[in-house]
$ cat target-v3.pdb   # PDB, C-alpha atoms
ATOM      1  CA  GLN A  12     -28.638 -52.590-133.650  1.00  0.00           C
ATOM      2  CA  VAL A  13     -27.838 -50.130-130.877  1.00  0.00           C
ATOM      3  CA  GLN A  14     -25.570 -47.185-131.596  1.00  0.00           C
ATOM      4  CA  LEU A  15     -24.181 -45.030-128.818  1.00  0.00           C
ATOM      5  CA  VAL A  16     -22.754 -41.546-129.206  1.00  0.00           C
ATOM      6  CA  GLU A  17     -20.909 -39.535-126.576  1.00  0.00           C
ATOM      7  CA  SER A  18     -20.749 -35.759-126.484  1.00  0.00           C
ATOM      8  CA  GLY A  19     -19.593 -33.020-124.159  1.00  0.00           C
ATOM      9  CA  GLY A  20     -15.859 -33.567-124.232  1.00  0.00           C
ATOM     10  CA  GLY A  21     -13.402 -30.741-124.710  1.00  0.00           C
ATOM     11  CA  LEU A  22     -10.508 -28.794-123.277  1.00  0.00           C
ATOM     12  CA  VAL A  23     -10.738 -27.623-119.686  1.00  0.00           C
ATOM     13  CA  GLN A  24      -8.315 -26.284-117.108  1.00  0.00           C
ATOM     14  CA  ALA A  25      -7.398 -28.285-114.050  1.00  0.00           C
ATOM     15  CA  GLY A  26     -10.053 -27.859-111.384  1.00  0.00           C
ATOM     16  CA  GLY A  27     -12.759 -27.349-113.957  1.00  0.00           C
ATOM     17  CA  SER A  28     -15.700 -29.555-114.839  1.00  0.00           C
ATOM     18  CA  LEU A  29     -17.406 -31.152-117.804  1.00  0.00           C
ATOM     19  CA  ARG A  30     -20.556 -33.162-118.293  1.00  0.00           C
ATOM     20  CA  LEU A  31     -20.488 -35.947-120.829  1.00  0.00           C
ATOM     21  CA  SER A  32     -23.664 -37.222-122.424  1.00  0.00           C
ATOM     22  CA  CYS A  33     -24.399 -40.575-123.992  1.00  0.00           C
ATOM     23  CA  ALA A  34     -27.256 -40.959-126.444  1.00  0.00           C
ATOM     24  CA  ALA A  35     -28.445 -44.094-128.174  1.00  0.00           C
ATOM     25  CA  SER A  36     -30.325 -44.904-131.329  1.00  0.00           C
ATOM     26  CA  GLY A  37     -32.382 -47.997-131.608  1.00  0.00           C
ATOM     27  CA  ARG A  38     -34.121 -49.580-128.697  1.00  0.00           C
ATOM     28  CA  THR A  39     -34.157 -47.987-125.297  1.00  0.00           C
ATOM     29  CA  PHE A  40     -30.821 -48.579-123.674  1.00  0.00           C
ATOM     30  CA  ILE A  41     -31.361 -46.563-120.535  1.00  0.00           C
ATOM     31  CA  TYR A  42     -32.838 -49.514-118.636  1.00  0.00           C
ATOM     32  CA  TYR A  43     -29.794 -51.711-119.184  1.00  0.00           C
ATOM     33  CA  PRO A  44     -26.622 -51.516-117.137  1.00  0.00           C
ATOM     34  CA  MET A  45     -24.232 -49.023-118.604  1.00  0.00           C
ATOM     35  CA  GLY A  46     -20.671 -48.008-118.024  1.00  0.00           C
ATOM     36  CA  TRP A  47     -18.172 -45.242-118.619  1.00  0.00           C
ATOM     37  CA  PHE A  48     -14.582 -46.035-119.501  1.00  0.00           C
ATOM     38  CA  ARG A  49     -11.592 -44.018-120.591  1.00  0.00           C
ATOM     39  CA  GLN A  50      -8.401 -44.613-122.505  1.00  0.00           C
ATOM     40  CA  ALA A  51      -5.329 -42.431-122.408  1.00  0.00           C
ATOM     41  CA  PRO A  52      -2.641 -42.616-125.105  1.00  0.00           C
ATOM     42  CA  GLY A  53      -0.494 -45.694-124.688  1.00  0.00           C
ATOM     43  CA  LYS A  54      -2.688 -47.100-121.923  1.00  0.00           C
ATOM     44  CA  GLU A  55      -5.394 -49.709-121.716  1.00  0.00           C
ATOM     45  CA  ARG A  56      -9.025 -48.782-121.514  1.00  0.00           C
ATOM     46  CA  GLU A  57     -10.019 -48.447-117.868  1.00  0.00           C
ATOM     47  CA  PHE A  58     -13.234 -48.427-115.898  1.00  0.00           C
ATOM     48  CA  VAL A  59     -14.547 -45.084-114.668  1.00  0.00           C
ATOM     49  CA  ALA A  60     -18.153 -45.559-113.547  1.00  0.00           C
ATOM     50  CA  SER A  61     -21.228 -47.701-114.072  1.00  0.00           C
ATOM     51  CA  MET A  62     -24.902 -47.760-113.283  1.00  0.00           C
ATOM     52  CA  ASN A  63     -27.357 -50.636-112.975  1.00  0.00           C
ATOM     53  CA  GLY A  64     -30.458 -50.995-115.071  1.00  0.00           C
ATOM     54  CA  GLY A  65     -32.648 -49.609-112.307  1.00  0.00           C
ATOM     55  CA  GLY A  66     -30.603 -46.450-112.135  1.00  0.00           C
ATOM     56  CA  ASP A  67     -30.292 -46.667-108.370  1.00  0.00           C
ATOM     57  CA  VAL A  68     -26.884 -48.279-107.997  1.00  0.00           C
ATOM     58  CA  THR A  69     -23.642 -46.791-109.227  1.00  0.00           C
ATOM     59  CA  GLN A  70     -20.043 -47.876-109.024  1.00  0.00           C
ATOM     60  CA  TYR A  71     -16.944 -45.740-109.407  1.00  0.00           C
ATOM     61  CA  ALA A  72     -13.252 -46.252-109.821  1.00  0.00           C
ATOM     62  CA  ASP A  73     -11.341 -45.134-106.741  1.00  0.00           C
ATOM     63  CA  PHE A  74      -9.571 -42.374-108.632  1.00  0.00           C
ATOM     64  CA  VAL A  75     -12.859 -40.593-109.483  1.00  0.00           C
ATOM     65  CA  LYS A  76     -14.836 -41.100-106.291  1.00  0.00           C
ATOM     66  CA  GLY A  77     -16.113 -37.808-104.996  1.00  0.00           C
ATOM     67  CA  ARG A  78     -15.359 -36.060-108.282  1.00  0.00           C
ATOM     68  CA  PHE A  79     -17.453 -37.838-110.930  1.00  0.00           C
ATOM     69  CA  THR A  80     -21.150 -38.671-110.872  1.00  0.00           C
ATOM     70  CA  ALA A  81     -23.061 -40.948-113.222  1.00  0.00           C
ATOM     71  CA  SER A  82     -26.725 -40.230-113.838  1.00  0.00           C
ATOM     72  CA  ARG A  83     -29.431 -40.628-116.433  1.00  0.00           C
ATOM     73  CA  ASP A  84     -32.567 -39.010-117.813  1.00  0.00           C
ATOM     74  CA  GLU A  85     -35.067 -41.731-118.522  1.00  0.00           C
ATOM     75  CA  ALA A  86     -37.466 -39.477-120.374  1.00  0.00           C
ATOM     76  CA  LYS A  87     -34.742 -38.473-122.819  1.00  0.00           C
ATOM     77  CA  ASN A  88     -33.002 -41.851-122.920  1.00  0.00           C
ATOM     78  CA  LEU A  89     -29.716 -40.158-122.035  1.00  0.00           C
ATOM     79  CA  ALA A  90     -26.903 -41.053-119.687  1.00  0.00           C
ATOM     80  CA  PHE A  91     -24.502 -38.536-118.179  1.00  0.00           C
ATOM     81  CA  LEU A  92     -21.132 -38.430-116.518  1.00  0.00           C
ATOM     82  CA  TYR A  93     -20.480 -35.271-114.541  1.00  0.00           C
ATOM     83  CA  MET A  94     -16.759 -34.754-114.014  1.00  0.00           C
ATOM     84  CA  GLY A  95     -15.665 -32.223-111.421  1.00  0.00           C
ATOM     85  CA  ASN A  96     -12.312 -31.096-110.068  1.00  0.00           C
ATOM     86  CA  LEU A  97     -10.662 -32.401-113.203  1.00  0.00           C
ATOM     87  CA  LYS A  98      -6.958 -33.180-113.163  1.00  0.00           C
ATOM     88  CA  PRO A  99      -4.446 -33.423-116.024  1.00  0.00           C
ATOM     89  CA  GLU A 100      -4.312 -37.189-115.454  1.00  0.00           C
ATOM     90  CA  ASP A 101      -8.003 -37.364-116.383  1.00  0.00           C
ATOM     91  CA  THR A 102      -7.036 -36.563-119.966  1.00  0.00           C
ATOM     92  CA  ALA A 103      -8.301 -39.411-122.154  1.00  0.00           C
ATOM     93  CA  VAL A 104     -10.913 -40.488-124.635  1.00  0.00           C
ATOM     94  CA  TYR A 105     -14.072 -41.287-122.704  1.00  0.00           C
ATOM     95  CA  TYR A 106     -16.490 -43.985-123.816  1.00  0.00           C
ATOM     96  CA  CYS A 107     -19.983 -44.947-122.794  1.00  0.00           C
ATOM     97  CA  ALA A 108     -21.039 -48.546-123.098  1.00  0.00           C
ATOM     98  CA  SER A 109     -24.208 -50.561-122.695  1.00  0.00           C
ATOM     99  CA  SER A 110     -24.544 -54.062-121.308  1.00  0.00           C
ATOM    100  CA  GLN A 111     -27.512 -55.669-123.022  1.00  0.00           C
ATOM    101  CA  GLY A 112     -26.808 -59.179-124.252  1.00  0.00           C
ATOM    102  CA  THR A 113     -24.110 -59.401-121.602  1.00  0.00           C
ATOM    103  CA  PHE A 114     -26.021 -57.886-118.671  1.00  0.00           C
ATOM    104  CA  ARG A 115     -25.585 -61.040-116.563  1.00  0.00           C
ATOM    105  CA  LYS A 116     -21.893 -60.262-116.359  1.00  0.00           C
ATOM    106  CA  TYR A 117     -22.705 -56.878-114.872  1.00  0.00           C
ATOM    107  CA  TYR A 118     -24.931 -58.355-112.176  1.00  0.00           C
ATOM    108  CA  SER A 119     -22.378 -61.029-111.374  1.00  0.00           C
ATOM    109  CA  GLY A 120     -20.044 -58.266-110.256  1.00  0.00           C
ATOM    110  CA  ASP A 121     -18.016 -57.695-113.398  1.00  0.00           C
ATOM    111  CA  TYR A 122     -19.201 -54.111-113.859  1.00  0.00           C
ATOM    112  CA  TYR A 123     -15.607 -52.927-114.276  1.00  0.00           C
ATOM    113  CA  ARG A 124     -14.658 -55.241-117.139  1.00  0.00           C
ATOM    114  CA  THR A 125     -14.821 -54.099-120.749  1.00  0.00           C
ATOM    115  CA  GLU A 126     -16.177 -57.477-121.853  1.00  0.00           C
ATOM    116  CA  THR A 127     -19.275 -56.888-119.734  1.00  0.00           C
ATOM    117  CA  TYR A 128     -20.452 -54.328-122.271  1.00  0.00           C
ATOM    118  CA  ASP A 129     -21.489 -55.251-125.791  1.00  0.00           C
ATOM    119  CA  TYR A 130     -22.247 -51.823-127.261  1.00  0.00           C
ATOM    120  CA  TRP A 131     -19.809 -48.933-127.304  1.00  0.00           C
ATOM    121  CA  GLY A 132     -19.751 -45.369-128.498  1.00  0.00           C
ATOM    122  CA  PRO A 133     -16.893 -43.938-130.569  1.00  0.00           C
ATOM    123  CA  GLY A 134     -15.613 -41.881-127.622  1.00  0.00           C
ATOM    124  CA  THR A 135     -15.172 -38.200-126.857  1.00  0.00           C
ATOM    125  CA  GLN A 136     -11.878 -36.518-126.082  1.00  0.00           C
ATOM    126  CA  VAL A 137     -11.377 -34.853-122.716  1.00  0.00           C
ATOM    127  CA  THR A 138      -8.225 -32.806-122.271  1.00  0.00           C
ATOM    128  CA  VAL A 139      -7.340 -31.218-118.958  1.00  0.00           C
ATOM    129  CA  SER A 140      -4.601 -28.600-118.988  1.00  0.00           C
ATOM    130  CA  SER A 141      -2.471 -27.816-115.965  1.00  0.00           C
TER     131      SER A 141
END
$ encode --input "target-v3.pdb" --output "structure tokens"
Amino acid sequence: QVQLVESGGGLVQAGGSLRLSCAASGRTFIYYPMGWFRQAPGKEREFVASMNGGGDVTQYADFVKGRFTASRDEAKNLAFLYMGNLKPEDTAVYYCASSQGTFRKYYSGDYYRTETYDYWGPGTQVTVSS
């Protein structure tokens, strides 16, 4: 069983930055496709970013392009989401997710769908003040 845990969330002023981390217990997850999603109060969970199993292809939602960067540290089995130039509308709970049993969905182009990912962390709160 794979367990994911996010960290690095917090309160930041608009224009500031944060780096979220995603760690996993169990088997190595870093070589599977993984995604970052967020959910604001009263809204559906939405896609933020993803990375393929090779770590050389990333996808981003339009509203974070140029501001957020997904990366990973293979040696430490960690994934990261750097968030820069944060805006109040970025306030949400952020989740990392791994696509292992469902990885074919990722490679078929469904990297932005929640059902593409079969393991999820509990989320970390990011609050951006104006």
$ resolve_selection --input "target-v3.pdb" --expression "the PyMOL selection byres ((chain A and resi 114-123) around 12)" --output "VMD selection string"
chain A and resid 40 42 to 49 56 to 65 68 to 73 108 to 113 124 to 130
$ resolve_selection --input "target-v3.pdb" --expression "the PyMOL selection byres ((chain A and resi 100) around 12)" --output "MDAnalysis selection string"
chainID A and resid 24:26 49:52 54 74:75 96:99 101:104 137:141
$ residues_around --input "target-v3.pdb" --residues "Ala81 of chain A" --least-positions-apart "4" --cutoff "7 Å" --atoms "only C-alpha atoms" --output "CSV table (one decimal) with C-alpha atoms, keeping the file's coordinate frame"
chain,number,residue,atom,x,y,z
A,60,ALA,CA,-18.2,-45.6,-113.5
A,91,PHE,CA,-24.5,-38.5,-118.2
A,92,LEU,CA,-21.1,-38.4,-116.5
A,93,TYR,CA,-20.5,-35.3,-114.5
$ residues_around --input "target-v3.pdb" --residues "segment 30-32 of chain A" --least-positions-apart "3" --cutoff "7 Å" --atoms "all atoms listed in the file" --output "list in words"
Glu17, Ser18, Gly19, Gly20, Leu89, Ala90, Phe91, Leu92, Tyr93 and Met94 of chain A
$ atom_distance --input "target-v3.pdb" --atom1 "atom CA of Leu22 of chain A" --atom2 "atom CA of Ala35 of chain A"
24.1 Å
$ atom_distance --input "target-v3.pdb" --atom1 "atom CA of Val13 of chain A" --atom2 "atom CA of Glu85 of chain A"
16.6 Å
$ atom_distance --input "target-v3.pdb" --atom1 "atom CA of Gln12 of chain A" --atom2 "atom CA of Gln136 of chain A"
24.4 Å
$ closest_residue --input "target-v3.pdb" --among "A:Tyr105, A:Trp131, A:Cys33, A:Glu55" --to "Asp84 of chain A" --atoms "all atoms listed in the file"
A:Cys33
$ residues_near_point --input "target-v3.pdb" --point "(-19.2, -42.1, -128.5)" --cutoff "6 Å" --atoms "only C-alpha atoms" --output "list in words"
Leu15, Val16, Glu17, Tyr106, Gly132, Pro133, Gly134 and Thr135 of chain A
$ closest_residue --input "target-v3.pdb" --among "A:Gln14, A:Thr39, A:Val23, A:Leu29" --to "Lys87 of chain A" --atoms "all atoms listed in the file"
A:Thr39
$ build_atoms --input "target-v3.pdb" --residues "segment 113-124 of chain A" --atoms "all heavy atoms" --output "tab-separated table (two decimals), in the frame of the given file"
chain	number	residue	atom	x	y	z
A	113	THR	N	-25.10	-58.95	-122.58
A	113	THR	CA	-24.11	-59.40	-121.60
A	113	THR	C	-24.44	-58.92	-120.19
A	113	THR	O	-23.57	-58.93	-119.32
A	113	THR	CB	-22.72	-58.87	-121.99
A	113	THR	OG1	-22.80	-57.44	-122.16
A	113	THR	CG2	-22.22	-59.50	-123.27
A	114	PHE	N	-25.69	-58.52	-119.94
A	114	PHE	CA	-26.02	-57.89	-118.67
A	114	PHE	C	-25.79	-58.81	-117.48
A	114	PHE	O	-25.56	-58.33	-116.36
A	114	PHE	CB	-27.46	-57.38	-118.68
A	114	PHE	CG	-28.50	-58.46	-118.66
A	114	PHE	CD1	-29.00	-58.94	-117.45
A	114	PHE	CD2	-28.99	-59.01	-119.82
A	114	PHE	CE1	-29.96	-59.92	-117.42
A	114	PHE	CE2	-29.95	-60.00	-119.81
A	114	PHE	CZ	-30.43	-60.46	-118.61
A	115	ARG	N	-25.82	-60.13	-117.69
A	115	ARG	CA	-25.58	-61.04	-116.56
A	115	ARG	C	-24.18	-60.88	-115.99
A	115	ARG	O	-23.96	-61.08	-114.80
A	115	ARG	CB	-25.85	-62.48	-116.98
A	115	ARG	CG	-27.33	-62.78	-117.23
A	115	ARG	CD	-27.56	-64.21	-117.67
A	115	ARG	NE	-28.97	-64.49	-117.89
A	115	ARG	CZ	-29.63	-64.19	-118.99
A	115	ARG	NH1	-29.01	-63.59	-119.99
A	115	ARG	NH2	-30.91	-64.47	-119.10
A	116	LYS	N	-23.26	-60.50	-116.84
A	116	LYS	CA	-21.89	-60.26	-116.36
A	116	LYS	C	-21.88	-59.06	-115.41
A	116	LYS	O	-21.16	-59.06	-114.41
A	116	LYS	CB	-20.95	-60.02	-117.53
A	116	LYS	CG	-20.77	-61.23	-118.44
A	116	LYS	CD	-19.78	-60.92	-119.56
A	116	LYS	CE	-19.58	-62.12	-120.46
A	116	LYS	NZ	-18.63	-61.85	-121.55
A	117	TYR	N	-22.65	-58.05	-115.76
A	117	TYR	CA	-22.70	-56.88	-114.87
A	117	TYR	C	-23.22	-57.28	-113.49
A	117	TYR	O	-22.62	-56.94	-112.47
A	117	TYR	CB	-23.60	-55.80	-115.49
A	117	TYR	CG	-23.82	-54.63	-114.57
A	117	TYR	CD1	-23.00	-53.50	-114.65
A	117	TYR	CD2	-24.84	-54.64	-113.62
A	117	TYR	CE1	-23.18	-52.44	-113.79
A	117	TYR	CE2	-25.02	-53.58	-112.76
A	117	TYR	CZ	-24.19	-52.48	-112.85
A	117	TYR	OH	-24.37	-51.43	-111.99
A	118	TYR	N	-24.31	-58.01	-113.46
A	118	TYR	CA	-24.93	-58.36	-112.18
A	118	TYR	C	-24.18	-59.45	-111.43
A	118	TYR	O	-24.49	-59.72	-110.26
A	118	TYR	CB	-26.39	-58.73	-112.40
A	118	TYR	CG	-27.23	-57.54	-112.77
A	118	TYR	CD1	-27.76	-57.41	-114.06
A	118	TYR	CD2	-27.47	-56.52	-111.86
A	118	TYR	CE1	-28.51	-56.30	-114.41
A	118	TYR	CE2	-28.21	-55.40	-112.21
A	118	TYR	CZ	-28.73	-55.30	-113.48
A	118	TYR	OH	-29.46	-54.19	-113.83
A	119	SER	N	-23.22	-60.06	-112.08
A	119	SER	CA	-22.38	-61.03	-111.37
A	119	SER	C	-21.19	-60.34	-110.72
A	119	SER	O	-20.36	-61.01	-110.10
A	119	SER	CB	-21.89	-62.11	-112.34
A	119	SER	OG	-20.95	-61.57	-113.25
A	120	GLY	N	-21.11	-59.02	-110.89
A	120	GLY	CA	-20.04	-58.27	-110.26
A	120	GLY	C	-18.97	-57.76	-111.18
A	120	GLY	O	-18.04	-57.06	-110.75
A	121	ASP	N	-19.06	-58.09	-112.46
A	121	ASP	CA	-18.02	-57.70	-113.40
A	121	ASP	C	-18.31	-56.35	-114.06
A	121	ASP	O	-18.04	-56.17	-115.25
A	121	ASP	CB	-17.85	-58.78	-114.46
A	121	ASP	CG	-17.23	-60.04	-113.90
A	121	ASP	OD1	-16.60	-59.97	-112.81
A	121	ASP	OD2	-17.36	-61.10	-114.54
A	122	TYR	N	-18.83	-55.41	-113.31
A	122	TYR	CA	-19.20	-54.11	-113.86
A	122	TYR	C	-18.00	-53.33	-114.38
A	122	TYR	O	-18.16	-52.41	-115.16
A	122	TYR	CB	-19.94	-53.27	-112.81
A	122	TYR	CG	-19.16	-53.06	-111.55
A	122	TYR	CD1	-18.23	-52.02	-111.44
A	122	TYR	CD2	-19.34	-53.89	-110.46
A	122	TYR	CE1	-17.50	-51.82	-110.29
A	122	TYR	CE2	-18.62	-53.70	-109.29
A	122	TYR	CZ	-17.70	-52.67	-109.21
A	122	TYR	OH	-16.99	-52.49	-108.07
A	123	TYR	N	-16.80	-53.67	-113.93
A	123	TYR	CA	-15.61	-52.93	-114.28
A	123	TYR	C	-14.86	-53.50	-115.48
A	123	TYR	O	-13.84	-52.94	-115.91
A	123	TYR	CB	-14.65	-52.89	-113.08
A	123	TYR	CG	-14.26	-54.25	-112.59
A	123	TYR	CD1	-13.10	-54.87	-113.05
A	123	TYR	CD2	-15.06	-54.94	-111.70
A	123	TYR	CE1	-12.75	-56.13	-112.62
A	123	TYR	CE2	-14.73	-56.21	-111.27
A	123	TYR	CZ	-13.57	-56.80	-111.73
A	123	TYR	OH	-13.23	-58.04	-111.31
A	124	ARG	N	-15.33	-54.59	-116.02
A	124	ARG	CA	-14.66	-55.24	-117.14
A	124	ARG	C	-15.22	-54.77	-118.48
A	124	ARG	O	-16.44	-54.67	-118.65
A	124	ARG	CB	-14.80	-56.75	-117.04
A	124	ARG	CG	-14.13	-57.36	-115.82
A	124	ARG	CD	-14.27	-58.87	-115.84
A	124	ARG	NE	-13.71	-59.50	-114.66
A	124	ARG	CZ	-12.44	-59.77	-114.49
A	124	ARG	NH1	-11.56	-59.47	-115.43
A	124	ARG	NH2	-12.04	-60.35	-113.38
